[in-house]
Structure formats: C-alpha cells, structure tokens
Amino acid sequence: MKILILGAGAVGGYWGARLHQAGIDVTFLLREKRAETVRKNGLVVKSPKTGDAVLPVKVVTKATDGGPYDVVILACKGYDLQSAMDSIAAAVGANTTIVPMLNGHMHFAALDARFGQDKVAGGLARISGMLGPNGEILHSGATGVSFGERDGSPARAALVELDRACKKAGIDGGLNPNINQDLWDKWVMLGAIASMCAAMRGTVGDIMESDDGAAIMGEILEECCKVAAAEGYPPSDKVAGSLRAGLTQKGSKSVASILGDIEKGGAVEAKSIVGDMLARARKFGVAAPNLRFAYAHLQTYEARRARNGLKGN
Amino acid sequence: MKILILGAGAIGGYVGGRLHQSGADVTFLVRPARQQAIQRDGLVIKSTKGDVTQKVKTVLKANEGGPYDIVLLTPKAYDLESAIEAIVPAVGLNTTVVPLLNGMRHLDVLDATFGKDKVVGGLARVGVAMSPEGTILHTSPFAAISFGERDEREPRASLKELDAAVKKSGIDGGLHKNIVQDLWDKWIMLCSLAATNCLMRGSSGDILEADEGRAIVMETVDECQKTAAAAGCDPGEKGMQTIRGFLTVKGSRFTASMLHDLEKGAMVEADHIVGDMIARAKKAGISTPNLRMAYAHLQVYLARRARAG
C-alpha cells in the first residue's frame with residue numbers, strides 16, 4: 001500500500017513519521033521550500049512521549065510523482081481546503097481513497113463534489129503538537145487517529161490496510177466502524193472549547209474563574225450537543241458527561257489551539273468549527289445564543305486581521 | 001472659592017490646569033514624585049486648544065492648604081477606596097465632593113463615607129492621556145465636564161461658583177440640571193461600547209463586519225436602556241438614537257479605552273462599568289445575556305492578568 005500525505009505539519013507529519021518508522025510506504029507531498037528542508041535535514045520529530053527521530057522520508061512536490069497512491073491523507077486547516085484539493089487532485093486515481101483529517105463537517109461537501117463521495121472516507125486526528133521554528137514537529141500529547149466508512153458499510157481494503165499500518169506504528173485508534181459519531185463527538189467538544197477559549201481569550205481554567213464561565217461553557221456544550229442530536233449523532237451520556245466534566249474543570253490548563261492562532265495573529269478555522277455549527281443550529285431551530293457570540297467574536301477578529309488592525313490600530 | 005483636585009493625571013490635570021490658568025484657586029493633592037516633577041517642570045499641557053506650562057500649587061496631604069469648598073475627584077473606579085482615604089481630611093463641613101467618574105456605584109460609596117449632602121454628581125468628557133514624563137496630552141477636539149445636584153434642589157453656591165470658573169476656563173459644559181440623567185446617558189453609551197468592544201476585541205466598525213455584530217450591539221444597548229429605565233432614567237428615543245448612531249458607524253475605528261487597557265494588560269473598570277450594570281438589571285428583573293458574556297470575558301481577562309502577575 002502506498003500512502004501520500006499532504007503537508008508535514010503537526011498532524012500529518014507526526015502520523016507519517018510514525019508510519020515511516022514502522023516500514024510503511026509513505027510519501028510526503030510538500031511545497032518546494034519545505035521539501036528542500038526535509039530532503040536536507042530529514043523530517044525531525046521531537047516527542048517526549050514516543051521519542052525523537054530524524055527520518056529520511058520520501059518527498060515529492062507534485063502529486064503526479066511517486067504514485068499511484070492507495071491512500072491520500074489530508075490534514076490541512078479548513079481554510080486551506082481549496083488549495084489542498086488542487087494539490088492532491090493529480091494523485092487521486094480510480095483506486096485512491098482520500099482520508100481527510102479536518103475538523104467539522106464542511107469539508108465533506110467540497111471533497112465529495114470534487115472527487116466523488118466513494119473516494120472520500122471519514123477521519124479525524126487526536127494528535128497534539130505544533131511545528132517548531134525550523135519545521136520540526138513538536139509532539140506534545142495524544143497520538144490517536146480515527147477513520148472509517150462514512151456510510152457505515154464494511155471498510156474497504158485500503159482502510160483495513162491503513163488500520164493495520166497504524167497498529168504496527170503504535171498509533172492509537174485506527175479503523176472506526178462509527179466514524180460519523182466520532183466526528184460529531186469531536187466537533188461537539190471542539191465547538192464548545194474553541195468558541196469559549198476564543199471568545200473569552202483564556203484557558204478552560206481561566207474561564208472557570210469568572211462568575212458565569214462554567215454556566216456559559218455548559219450552555220454552549222449543550223447547544224453543540226443539540227445540533228449533533230438533530231443531525232442524528234447525539235453524544236452518548238458517557239461522552240457528554242466526560243466532556244462537561246473536562247470543560248468545566250477548575251484550574252484546567254486545557255485550551256483550544258484557535259486561541260494560540262488568534263494570539264499570534266494567524267488565520268482561524270472560524271467557519272468550519274463555529275460558523276457551520278451555528279448554521280446547523282439555525283437550520284434545525286436549535287437556539288444557540290452562545291455560539292452566536294463566539295462566531296461574532298471570530299468574525300470581528302477576522303475583519304480586524306484583514307485590515308491589519310490587530311496591533312491596536 | 002478654593003478647589004482641591006485629587007491627582008494631577010490626565011483628566012484632573014487638564015481640568016485643574018485650565019481652571020488655574022483662568023485664575024481659579026486650585027490646589028493639586030499629589031504623591032511626592034509627582035510633586036517634585038511639577039515643581040521642577042511645571043504642569044505641562046499639550047492640547048488641541050493650546051499648550052501651556054504653568055506653576056501650580058501642590059500638597060502632599062489633604063489637611064494642607066485648606067479648607068476647600070470643592071474637592072474634585074477623577075480616579076479610576078478601582079482606585080476609589082484609596083482616593084477616598086486620601087481626601088478625607090480635606091472634606092470639612094462646607095466642602096462639596098465632585099466625583100468625575102463613569103458609572104454610578106461610586107456615588108453609593110461616597111455617600112456612605114461623606115454623607116449624601118456633600119456629594120454631587122459629575123462626569124468628564126475629555127479625550128486626554130498622560131505621557132510617561134507626566135505631560136498631559138489633550139488630543140481630542142472636546143473637553144467638557146458636567147456636574148450638578150442629584151435631586152431637584154437649587155444648586156448650592158459652590159457649584160454655581162464652580163460653573164462660573166469652568167465657563168471662564170474655556171472648558172465646555174458646567175452645571176447640569178439633570179446630572180443623574182446625564183450620568184445614565186453616558187453610562188449606557190460607555191457600557192455598551194466597552195462591553196461589545198471588549199467581548200469582540202475590536203472597534204465598533206470591526207464588530208459591524210460580523211454577521212450578527214450589529215444585532216449584538218443593538219441588543220446590548222437595549223439591555224442598558226432597560227436598566228436605566230428601571231432606575232427612572234430612560235434617555236428617551238432621541239437620546240437613544242444618538243447612542244445607537246454612535247455605536248453603529250460603519251468602518252468606525254473608535255474603541256472604548258477599556259479595550260486599549262485590555263490589549264496592553266492594564267487594569268480595567270470591569271465591575272464598575274459592566275458588572276454594576278448587570279447587578280442593577282438583575283435587581284430589576286431585566287435579563288442581560290450580552291452583558292453577561294462581556295462581563296465573563298472581562299473577568300477571564302482579570303483572572304489571566306492576576307495569574308501572570
């Protein structure tokens with residue numbers, strides 16, 4: 001099985017590095033500059049949990065090179081989806097499966113329209129990390145992935161093989177017969193924590209310091225749960241309970257990465273994580289006053305960023 | 001008439017400086033470092049209405065240089081306690097305390113300390129800041145203060161005298177017939193502006209770019225108006241139009257000073273401007289979901305600030 005991974009960021013880079021180490025045939029599709037660095041220095045991974053490594057991975061700069069690929073893994077940000085699709089298009093052949101690892105659900109419509117629903121599996125990552133100043137992957141937490149057929153049918157051979165490869169590489173998770181539920185569970189969590197960390201500009205613990213922080217967090221989680229339920233994927237009581245406990249824990253240092261993006265003036269996945277949740281709430285008549293505040297906050301941020309006004313002007 | 005001004009910061013320094021310049025008997029109650037600077041450099045004002053450097057009277061203790069007819073108070077709300085402590089010895093039988101603060105809660109605190117009769121209402125509309133060197137930088141075209149009795153009685157003599165002094169100094173405004181309404185008008189405006197600017201972390205113009213930005217601003221204004229109305233101080237349709245108009249200028253780069261404070265990590269008047277509005281709304285049974293969100297944002301900021309030290 002041949003795997004192509006678009007980009008070598010925190011998620012795709014880490015996952016691909018582990019697969020490579022386990023002897024799986026992985027190729028990274030990179031931009032010229034990144035390709036040059038990786039060819040020269042190798043792919044550098046630093047992980048207190050699973051060890052540091054410098055890996056001579058295979059790199060291409062065009063999707064037509066090195067194929068055909070059985071699996072194309074897409075771990076880009078929501079706002080980069082369009083250019084990501086352009087980049088991988090040439091690598092997607094008759095027998096290729098695309099495994100997108102994006103948050104939310106908006107990307108499925110775009111991917112299905114471009115490549116056909118049959119080619120697009122569901123997937124998500126629970127890998128925490130970031131890129132260091134020299135492009136090294138700084139892995140800091142979980143090492144899980146989850147993927148599967150979106151219609152619940154038996155998994156195609158490529159996904160079964162990818163599952164085997166993940167297990168060999170020591171990656172948690174893998175093939176999930178109910179990937180849609182998993183996608184919604186993650187989105188519910190992310191919708192709440194990203195909304196709150198952004199709109200309140202603090203960690204979960206900071207938010208709990210305010211009089212109404214726990215109440216507002218509970219409400220926004222409820223808003224997301226109701227949307228998921230309206231979509232047919234309510235989180236189980238167990239999942240909802242543990243989300244609520246985690247998101248209202250006093251002193252918690254948990255924080256959504258969107259806050260880091262905001263604080264460095266970067267682009268944010270406002271629409272795919274919060275805006276689309278709010279749009280679905282409206283569609284189903286679910287009241288979502290807190291998501292509305294959060295989305296307005298993010299849109300205000302984007303407007304200010306667009307006019308170069310983040311530095312106080 | 002003798003006027004004591006607590007501090008020689010941005011607003012107090014500007015107002016006191018102009019009063020002094022036009023011949024009023026003004027004394028500044030300041031800390032030693034500020035006294036030294038003023039004795040050395042004079043009180044320096046750079047202003048759209050003309051620059052001036054002048055020698056002014058300063059004291060380090062409120063029991064010096066009195067008795068005073070007027071004590072003018074312009075601290076940030078979170079410094080009110082220490083401001084009161086500082087002026088206590090200056091407040092005699094015939095002294096009137098004129099606080100120029102936003103919001104309302106300080107009036108309860110001042111009443112409790114000095115007695116209701118000694119405290120009048122007042123507020124400042126002066127776009128002014130102080131440089132690190134202590135120069136008072138008045139960059140805006142407006143400079144007005146407003147003060148008056150908080151009930152319908154005839155203004156006391158010292159307020160009439162202060163009015164005359166203010167008019168002579170070129171500062172706009174002066175004695176106001178319904179200062180309590182004026183306080184509410186400004187509070188509604190400021191609370192709506194600060195709450196939305198801070199919650200959204202952007203100027204009014206930025207907020208209007210969000211799909212629901214305008215609606216959220218209007219709802220916030222509404223929450224404040226209802227709270228004012230419950231206190232018997234509805235600004236009326238004309239007053240509200242002014243406030244709404246000001247907050248919904250497309251492309252406006254105008255921001256509440258609270259947002260600047262937030263972005264430079266400074267202390268903010270969260271409790272005084274937003275928290276107290278919510279408390280009054282709650283008492284009157286008015287729901288304030290927007291203010292609640294903004295207040296939570298400010299409290300999170302303060303928690304983070306405290307954590308960072």
# chains A, B, ... in the order shown; residues from 1 in each chain; ligands from 1
>>> residues_around(residues="B:Asn178", least_positions_apart="2", cutoff="12 Å", atoms="only C-alpha atoms", output="PyMOL selection string")
chain B and resi 120-122+146-155+174-176+180-185+233+235
>>> residues_around(residues="B:Asp69", least_positions_apart="4", cutoff="9 Å", atoms="only C-alpha atoms", output="list in words")
Met1, Lys2, Ile3, Leu4, Val91, Gly92, Asn94, Thr95, Thr96, Val97 and Ser158 of chain B
>>> write_last_selection(atoms="C-alpha atoms", output="PDB file, in the first residue's frame")
ATOM      1  CA  MET B   1     -13.541  79.543  46.313  1.00  0.00           C
ATOM      2  CA  LYS B   2     -10.792  77.010  46.897  1.00  0.00           C
ATOM      3  CA  ILE B   3     -10.660  73.866  44.799  1.00  0.00           C
ATOM      4  CA  LEU B   4      -8.691  70.735  45.657  1.00  0.00           C
ATOM      5  CA  VAL B  91     -13.677  67.337  53.409  1.00  0.00           C
ATOM      6  CA  GLY B  92     -14.984  69.767  56.021  1.00  0.00           C
ATOM      7  CA  ASN B  94     -18.801  73.160  53.879  1.00  0.00           C
ATOM      8  CA  THR B  95     -16.969  71.051  51.347  1.00  0.00           C
ATOM      9  CA  THR B  96     -18.642  69.604  48.278  1.00  0.00           C
ATOM     10  CA  VAL B  97     -17.191  66.473  46.720  1.00  0.00           C
ATOM     11  CA  SER B 158     -20.182  76.394  45.451  1.00  0.00           C
TER      12      SER B 158
END
>>> closest_residue(among="B:Gly115, B:Gly202, B:Gly245, B:Gly239", to="chain A", atoms="only C-alpha atoms")
B:Gly202
>>> closest_residue(among="B:Ile207, B:Val15, B:Cys191, B:Ala308", to="chain A", atoms="only C-alpha atoms")
B:Ile207
>>> interface_residues(of="chain A", to="chain B", cutoff="7 Å", atoms="only C-alpha atoms", output="VMD selection string")
chain A and resid 199 to 200 202 206 to 207 209 to 213 296 to 297 299 to 301 303 to 304
>>> residues_around(residues="B:Gln39", least_positions_apart="3", cutoff="10 Å", atoms="only C-alpha atoms", output="list in words")
Ala33, Arg34, Gln35, Gln36, Gly42, Leu43, Gln54, Lys55, Val56, Lys57 and Thr58 of chain B
>>> residues_around(residues="A:Leu175", least_positions_apart="5", cutoff="9 Å", atoms="only C-alpha atoms", output="mmCIF file with C-alpha atoms, in the first residue's frame")
data_model
loop_
_atom_site.group_PDB
_atom_site.id
_atom_site.type_symbol
_atom_site.label_atom_id
_atom_site.label_comp_id
_atom_site.auth_asym_id
_atom_site.auth_seq_id
_atom_site.Cartn_x
_atom_site.Cartn_y
_atom_site.Cartn_z
ATOM 1 C CA VAL A 145 -6.321 8.776 14.705
ATOM 2 C CA SER A 146 -9.708 7.510 13.717
ATOM 3 C CA PHE A 147 -11.068 6.804 10.270
ATOM 4 C CA GLY A 148 -13.705 4.717 8.538
ATOM 5 C CA GLU A 149 -16.520 4.484 6.035
ATOM 6 C CA ALA A 155 -14.379 -0.939 5.409
ATOM 7 C CA LEU A 159 -8.730 1.386 5.131
ATOM 8 C CA VAL A 160 -8.223 -2.072 6.598
ATOM 9 C CA LEU A 162 -4.200 1.593 6.844
ATOM 10 C CA ASP A 163 -5.564 0.310 10.148
ATOM 11 C CA ARG A 164 -3.013 -2.481 10.188
#
>>> select_by_dssp(residues="stretch 11-119 of chain A", states="strand (DSSP E)", output="list of chain:residue names")
A:Asp25, A:Val26, A:Thr27, A:Phe28, A:Leu29, A:Leu43, A:Val44, A:Val45, A:Lys46, A:Ala53, A:Val54, A:Leu55, A:Lys58, A:Val59, A:Val60, A:Val71, A:Val72, A:Ile73, A:Leu74, A:Thr97, A:Ile98, A:Val99, A:Pro100
>>> write_last_selection(atoms="N, CA and C atoms", output="mmCIF file, in the first residue's frame")
data_model
loop_
_atom_site.group_PDB
_atom_site.id
_atom_site.type_symbol
_atom_site.label_atom_id
_atom_site.label_comp_id
_atom_site.auth_asym_id
_atom_site.auth_seq_id
_atom_site.Cartn_x
_atom_site.Cartn_y
_atom_site.Cartn_z
ATOM 1 N N ASP A 25 5.068 2.391 3.403
ATOM 2 C CA ASP A 25 5.475 3.176 2.235
ATOM 3 C C ASP A 25 4.735 4.526 2.234
ATOM 4 N N VAL A 26 5.382 5.527 2.785
ATOM 5 C CA VAL A 26 4.768 6.850 2.939
ATOM 6 C C VAL A 26 5.533 7.874 2.120
ATOM 7 N N THR A 27 4.807 8.740 1.434
ATOM 8 C CA THR A 27 5.419 9.848 0.695
ATOM 9 C C THR A 27 4.757 11.146 1.146
ATOM 10 N N PHE A 28 5.569 12.176 1.318
ATOM 11 C CA PHE A 28 5.014 13.487 1.687
ATOM 12 C C PHE A 28 4.966 14.382 0.462
ATOM 13 N N LEU A 29 3.819 15.000 0.236
ATOM 14 C CA LEU A 29 3.682 15.983 -0.840
ATOM 15 C C LEU A 29 3.861 17.368 -0.219
ATOM 16 N N LEU A 43 13.055 14.571 8.188
ATOM 17 C CA LEU A 43 11.872 15.010 8.921
ATOM 18 C C LEU A 43 12.183 14.855 10.412
ATOM 19 N N VAL A 44 12.164 15.971 11.119
ATOM 20 C CA VAL A 44 12.580 15.964 12.522
ATOM 21 C C VAL A 44 11.357 15.913 13.431
ATOM 22 N N VAL A 45 11.318 14.912 14.282
ATOM 23 C CA VAL A 45 10.204 14.770 15.226
ATOM 24 C C VAL A 45 10.757 14.795 16.640
ATOM 25 N N LYS A 46 10.156 15.640 17.474
ATOM 26 C CA LYS A 46 10.536 15.627 18.893
ATOM 27 C C LYS A 46 9.305 15.305 19.713
ATOM 28 N N ALA A 53 13.223 11.685 16.610
ATOM 29 C CA ALA A 53 13.703 10.974 15.425
ATOM 30 C C ALA A 53 14.018 11.962 14.312
ATOM 31 N N VAL A 54 15.002 11.595 13.487
ATOM 32 C CA VAL A 54 15.284 12.341 12.262
ATOM 33 C C VAL A 54 15.163 11.327 11.133
ATOM 34 N N LEU A 55 14.181 11.543 10.255
ATOM 35 C CA LEU A 55 13.831 10.489 9.304
ATOM 36 C C LEU A 55 14.037 10.922 7.859
ATOM 37 N N LYS A 58 10.433 9.981 2.138
ATOM 38 C CA LYS A 58 10.262 10.267 0.705
ATOM 39 C C LYS A 58 9.455 11.549 0.542
ATOM 40 N N VAL A 59 9.933 12.383 -0.364
ATOM 41 C CA VAL A 59 9.281 13.667 -0.575
ATOM 42 C C VAL A 59 9.018 13.886 -2.055
ATOM 43 N N VAL A 60 7.846 14.365 -2.392
ATOM 44 C CA VAL A 60 7.581 14.820 -3.767
ATOM 45 C C VAL A 60 6.993 16.228 -3.705
ATOM 46 N N VAL A 71 -3.871 5.541 -0.665
ATOM 47 C CA VAL A 71 -4.488 6.417 0.335
ATOM 48 C C VAL A 71 -3.834 7.792 0.250
ATOM 49 N N VAL A 72 -4.661 8.827 0.248
ATOM 50 C CA VAL A 72 -4.149 10.198 0.350
ATOM 51 C C VAL A 72 -4.685 10.788 1.649
ATOM 52 N N ILE A 73 -3.768 11.166 2.524
ATOM 53 C CA ILE A 73 -4.176 11.724 3.821
ATOM 54 C C ILE A 73 -4.088 13.241 3.761
ATOM 55 N N LEU A 74 -5.194 13.860 4.173
ATOM 56 C CA LEU A 74 -5.332 15.307 4.077
ATOM 57 C C LEU A 74 -5.473 15.852 5.491
ATOM 58 N N THR A 97 -8.192 6.282 -2.094
ATOM 59 C CA THR A 97 -9.116 6.721 -1.045
ATOM 60 C C THR A 97 -8.516 7.935 -0.356
ATOM 61 N N ILE A 98 -9.339 8.963 -0.226
ATOM 62 C CA ILE A 98 -8.894 10.169 0.480
ATOM 63 C C ILE A 98 -9.342 10.068 1.935
ATOM 64 N N VAL A 99 -8.413 10.269 2.839
ATOM 65 C CA VAL A 99 -8.761 10.273 4.266
ATOM 66 C C VAL A 99 -8.510 11.682 4.807
ATOM 67 N N PRO A 100 -9.580 12.486 4.905
ATOM 68 C CA PRO A 100 -9.409 13.844 5.413
ATOM 69 C C PRO A 100 -9.423 13.838 6.936
#
>>> residues_around(residues="B:Arg125", least_positions_apart="6", cutoff="6 Å", atoms="only C-alpha atoms", output="VMD selection string")
chain B and resid 143 to 145
>>> write_last_selection(atoms="C-alpha atoms", output="short mmCIF file (atom, residue, chain, number, x, y, z; two decimals), in the first residue's frame")
data_model
loop_
_atom_site.label_atom_id
_atom_site.label_comp_id
_atom_site.auth_asym_id
_atom_site.auth_seq_id
_atom_site.Cartn_x
_atom_site.Cartn_y
_atom_site.Cartn_z
CA ALA B 143 -13.11 68.91 26.69
CA ALA B 144 -16.21 69.11 28.80
CA ILE B 145 -17.25 68.41 32.35
#
>>> atom_distance(atom1="atom CA of B:Thr139", atom2="atom CA of B:Ser47")
5.9 Å
>>> residues_around(residues="A:Met1", least_positions_apart="4", cutoff="8 Å", atoms="only C-alpha atoms", output="list in words")
Ile24, Asp25, Tyr69, Asp70, Val71, Ala158 and Glu161 of chain A
>>> residues_around(residues="B:Ser192", least_positions_apart="4", cutoff="7 Å", atoms="only C-alpha atoms", output="PyMOL selection string")
chain B and resi 188+196+220-221
>>> select_by_dssp(residues="stretch 54-236 of chain B", states="alpha helix (DSSP H)", output="ChimeraX atom specification")
/B:80-87,105-114,157-169,179-200,204-208,213-230,236
>>> write_last_selection(atoms="C-alpha atoms", output="PDB file, in the first residue's frame")
ATOM      1  CA  LEU B  80     -11.816  54.799  44.556  1.00  0.00           C
ATOM      2  CA  GLU B  81     -11.077  53.381  48.006  1.00  0.00           C
ATOM      3  CA  SER B  82      -7.609  54.877  48.162  1.00  0.00           C
ATOM      4  CA  ALA B  83      -8.890  58.133  46.635  1.00  0.00           C
ATOM      5  CA  ILE B  84     -11.449  58.455  49.420  1.00  0.00           C
ATOM      6  CA  GLU B  85      -8.808  57.760  52.025  1.00  0.00           C
ATOM      7  CA  ALA B  86      -6.621  60.477  50.546  1.00  0.00           C
ATOM      8  CA  ILE B  87      -9.271  63.214  50.548  1.00  0.00           C
ATOM      9  CA  ARG B 105     -21.631  52.782  42.064  1.00  0.00           C
ATOM     10  CA  HIS B 106     -19.031  55.226  43.348  1.00  0.00           C
ATOM     11  CA  LEU B 107     -21.842  57.546  44.433  1.00  0.00           C
ATOM     12  CA  ASP B 108     -23.111  54.975  46.935  1.00  0.00           C
ATOM     13  CA  VAL B 109     -19.614  54.571  48.331  1.00  0.00           C
ATOM     14  CA  LEU B 110     -19.032  58.327  48.554  1.00  0.00           C
ATOM     15  CA  ASP B 111     -22.457  58.886  50.141  1.00  0.00           C
ATOM     16  CA  ALA B 112     -21.679  56.284  52.764  1.00  0.00           C
ATOM     17  CA  THR B 113     -18.362  57.940  53.574  1.00  0.00           C
ATOM     18  CA  PHE B 114     -19.182  61.641  53.455  1.00  0.00           C
ATOM     19  CA  ALA B 157     -23.473  78.229  45.894  1.00  0.00           C
ATOM     20  CA  SER B 158     -20.182  76.394  45.451  1.00  0.00           C
ATOM     21  CA  LEU B 159     -21.494  74.604  42.359  1.00  0.00           C
ATOM     22  CA  LYS B 160     -22.619  77.899  40.855  1.00  0.00           C
ATOM     23  CA  GLU B 161     -19.187  79.276  41.539  1.00  0.00           C
ATOM     24  CA  LEU B 162     -17.546  76.212  40.017  1.00  0.00           C
ATOM     25  CA  ASP B 163     -19.804  76.678  36.992  1.00  0.00           C
ATOM     26  CA  ALA B 164     -18.615  80.255  36.579  1.00  0.00           C
ATOM     27  CA  ALA B 165     -14.985  79.150  36.904  1.00  0.00           C
ATOM     28  CA  VAL B 166     -15.443  76.375  34.349  1.00  0.00           C
ATOM     29  CA  LYS B 167     -17.076  78.741  31.852  1.00  0.00           C
ATOM     30  CA  LYS B 168     -14.224  81.209  32.312  1.00  0.00           C
ATOM     31  CA  SER B 169     -11.655  78.446  31.728  1.00  0.00           C
ATOM     32  CA  ILE B 179     -26.887  65.301  36.134  1.00  0.00           C
ATOM     33  CA  VAL B 180     -28.284  61.892  37.078  1.00  0.00           C
ATOM     34  CA  GLN B 181     -29.798  61.521  33.619  1.00  0.00           C
ATOM     35  CA  ASP B 182     -26.536  62.710  32.110  1.00  0.00           C
ATOM     36  CA  LEU B 183     -24.676  60.083  34.151  1.00  0.00           C
ATOM     37  CA  TRP B 184     -27.025  57.385  32.893  1.00  0.00           C
ATOM     38  CA  ASP B 185     -26.770  58.578  29.295  1.00  0.00           C
ATOM     39  CA  LYS B 186     -23.019  58.368  29.405  1.00  0.00           C
ATOM     40  CA  TRP B 187     -23.060  55.065  31.248  1.00  0.00           C
ATOM     41  CA  ILE B 188     -25.391  53.434  28.715  1.00  0.00           C
ATOM     42  CA  MET B 189     -23.120  54.592  25.934  1.00  0.00           C
ATOM     43  CA  LEU B 190     -19.905  53.606  27.654  1.00  0.00           C
ATOM     44  CA  CYS B 191     -21.152  50.279  28.950  1.00  0.00           C
ATOM     45  CA  SER B 192     -22.467  49.266  25.517  1.00  0.00           C
ATOM     46  CA  LEU B 193     -19.263  50.378  23.831  1.00  0.00           C
ATOM     47  CA  ALA B 194     -16.897  48.820  26.354  1.00  0.00           C
ATOM     48  CA  ALA B 195     -18.880  45.577  26.624  1.00  0.00           C
ATOM     49  CA  THR B 196     -19.067  44.995  22.888  1.00  0.00           C
ATOM     50  CA  ASN B 197     -15.558  46.253  22.036  1.00  0.00           C
ATOM     51  CA  CYS B 198     -14.029  44.079  24.735  1.00  0.00           C
ATOM     52  CA  LEU B 199     -16.151  40.978  24.178  1.00  0.00           C
ATOM     53  CA  MET B 200     -15.432  41.092  20.461  1.00  0.00           C
ATOM     54  CA  SER B 204     -17.281  49.200  16.525  1.00  0.00           C
ATOM     55  CA  GLY B 205     -16.507  49.108  12.805  1.00  0.00           C
ATOM     56  CA  ASP B 206     -14.867  45.684  13.088  1.00  0.00           C
ATOM     57  CA  ILE B 207     -17.840  44.335  15.004  1.00  0.00           C
ATOM     58  CA  LEU B 208     -20.230  45.512  12.301  1.00  0.00           C
ATOM     59  CA  GLY B 213     -22.378  42.202  15.030  1.00  0.00           C
ATOM     60  CA  ARG B 214     -24.929  44.932  14.578  1.00  0.00           C
ATOM     61  CA  ALA B 215     -27.703  42.929  16.226  1.00  0.00           C
ATOM     62  CA  ILE B 216     -25.462  42.125  19.195  1.00  0.00           C
ATOM     63  CA  VAL B 217     -24.540  45.802  19.655  1.00  0.00           C
ATOM     64  CA  MET B 218     -28.198  46.857  19.477  1.00  0.00           C
ATOM     65  CA  GLU B 219     -29.257  44.208  21.984  1.00  0.00           C
ATOM     66  CA  THR B 220     -26.520  45.324  24.346  1.00  0.00           C
ATOM     67  CA  VAL B 221     -27.666  48.940  24.125  1.00  0.00           C
ATOM     68  CA  ASP B 222     -31.169  47.687  24.790  1.00  0.00           C
ATOM     69  CA  GLU B 223     -30.131  45.874  27.946  1.00  0.00           C
ATOM     70  CA  CYS B 224     -28.544  49.073  29.252  1.00  0.00           C
ATOM     71  CA  GLN B 225     -31.507  51.239  28.296  1.00  0.00           C
ATOM     72  CA  LYS B 226     -33.938  48.942  30.103  1.00  0.00           C
ATOM     73  CA  THR B 227     -31.750  49.055  33.180  1.00  0.00           C
ATOM     74  CA  ALA B 228     -31.670  52.854  33.057  1.00  0.00           C
ATOM     75  CA  ALA B 229     -35.432  52.960  32.571  1.00  0.00           C
ATOM     76  CA  ALA B 230     -35.911  50.753  35.616  1.00  0.00           C
ATOM     77  CA  GLY B 236     -35.815  58.683  25.620  1.00  0.00           C
TER      78      GLY B 236
END
>>> closest_residue(among="B:Lys282, B:Val98, B:Ser22, B:Asp41", to="B:Pro75", atoms="only C-alpha atoms")
B:Val98
>>> atom_distance(atom1="atom CA of A:Ala215", atom2="atom CA of A:Leu247")
10.8 Å
>>> atom_distance(atom1="atom CA of A:Arg280", atom2="atom CA of B:Leu291")
25.5 Å
>>> decode(residues="stretch 220-293 of chain A", atoms="C-alpha atoms", output="compact mmCIF listing (two decimals), in the first residue's frame")
# COMPACT_ATOMS: atom_id res chain seq x y z
CA ILE A 220 -22.53 26.20 24.72
CA LEU A 221 -21.75 22.50 25.09
CA GLU A 222 -25.49 21.89 25.28
CA GLU A 223 -26.01 23.92 22.11
CA CYS A 224 -23.45 21.75 20.28
CA CYS A 225 -24.94 18.52 21.69
CA LYS A 226 -28.39 19.54 20.46
CA VAL A 227 -27.09 20.22 16.97
CA ALA A 228 -25.36 16.82 16.93
CA ALA A 229 -28.59 15.20 18.11
CA ALA A 230 -30.59 16.97 15.41
CA GLU A 231 -28.09 15.60 12.89
CA GLY A 232 -28.71 12.10 14.24
CA TYR A 233 -25.47 11.81 16.23
CA PRO A 234 -26.14 12.75 19.83
CA PRO A 235 -23.13 12.11 22.02
CA SER A 236 -23.73 9.26 24.45
CA ASP A 237 -24.42 10.22 28.06
CA LYS A 238 -20.97 8.99 28.90
CA VAL A 239 -19.29 11.15 26.26
CA ALA A 240 -21.42 14.20 27.11
CA GLY A 241 -20.73 13.73 30.81
CA SER A 242 -16.99 13.48 30.38
CA LEU A 243 -16.98 16.48 28.02
CA ARG A 244 -18.88 18.52 30.54
CA ALA A 245 -16.58 17.49 33.36
CA GLY A 246 -13.45 18.22 31.34
CA LEU A 247 -14.65 21.56 30.04
CA THR A 248 -15.74 22.87 33.42
CA GLN A 249 -12.79 21.73 35.45
CA LYS A 250 -11.41 24.37 37.76
CA GLY A 251 -7.74 25.12 37.18
CA SER A 252 -7.69 23.23 33.88
CA LYS A 253 -4.91 24.27 31.53
CA SER A 254 -6.83 22.90 28.54
CA VAL A 255 -7.02 25.37 25.72
CA ALA A 256 -8.13 25.24 22.09
CA SER A 257 -5.36 25.80 19.54
CA ILE A 258 -7.52 28.51 17.98
CA LEU A 259 -6.55 30.78 20.88
CA GLY A 260 -2.88 30.35 20.01
CA ASP A 261 -3.72 31.18 16.40
CA ILE A 262 -5.54 34.33 17.50
CA GLU A 263 -2.76 35.44 19.82
CA LYS A 264 -0.18 35.19 17.07
CA GLY A 265 -2.47 36.93 14.61
CA GLY A 266 -2.94 33.87 12.40
CA ALA A 267 -5.81 32.52 10.35
CA VAL A 268 -8.55 30.71 12.28
CA GLU A 269 -10.97 27.89 11.44
CA ALA A 270 -13.87 30.09 12.45
CA LYS A 271 -16.32 28.97 9.84
CA SER A 272 -15.69 25.22 9.87
CA ILE A 273 -15.63 24.87 13.66
CA VAL A 274 -18.05 27.54 14.92
CA GLY A 275 -19.85 29.14 11.97
CA ASP A 276 -21.04 25.86 10.49
CA MET A 277 -22.20 24.61 13.89
CA LEU A 278 -24.22 27.80 14.26
CA ALA A 279 -25.62 27.48 10.74
CA ARG A 280 -26.78 23.94 11.50
CA ALA A 281 -28.32 25.08 14.78
CA ARG A 282 -30.35 27.63 12.80
CA LYS A 283 -31.36 25.04 10.24
CA PHE A 284 -32.77 22.82 12.97
CA GLY A 285 -34.24 25.61 15.06
CA VAL A 286 -31.82 24.97 17.93
CA ALA A 287 -31.26 28.13 19.96
CA ALA A 288 -27.54 28.83 20.09
CA PRO A 289 -27.02 32.28 21.65
CA ASN A 290 -23.53 31.49 22.92
CA LEU A 291 -22.26 30.07 19.63
CA ARG A 292 -23.60 33.26 18.07
CA PHE A 293 -21.43 35.40 20.36
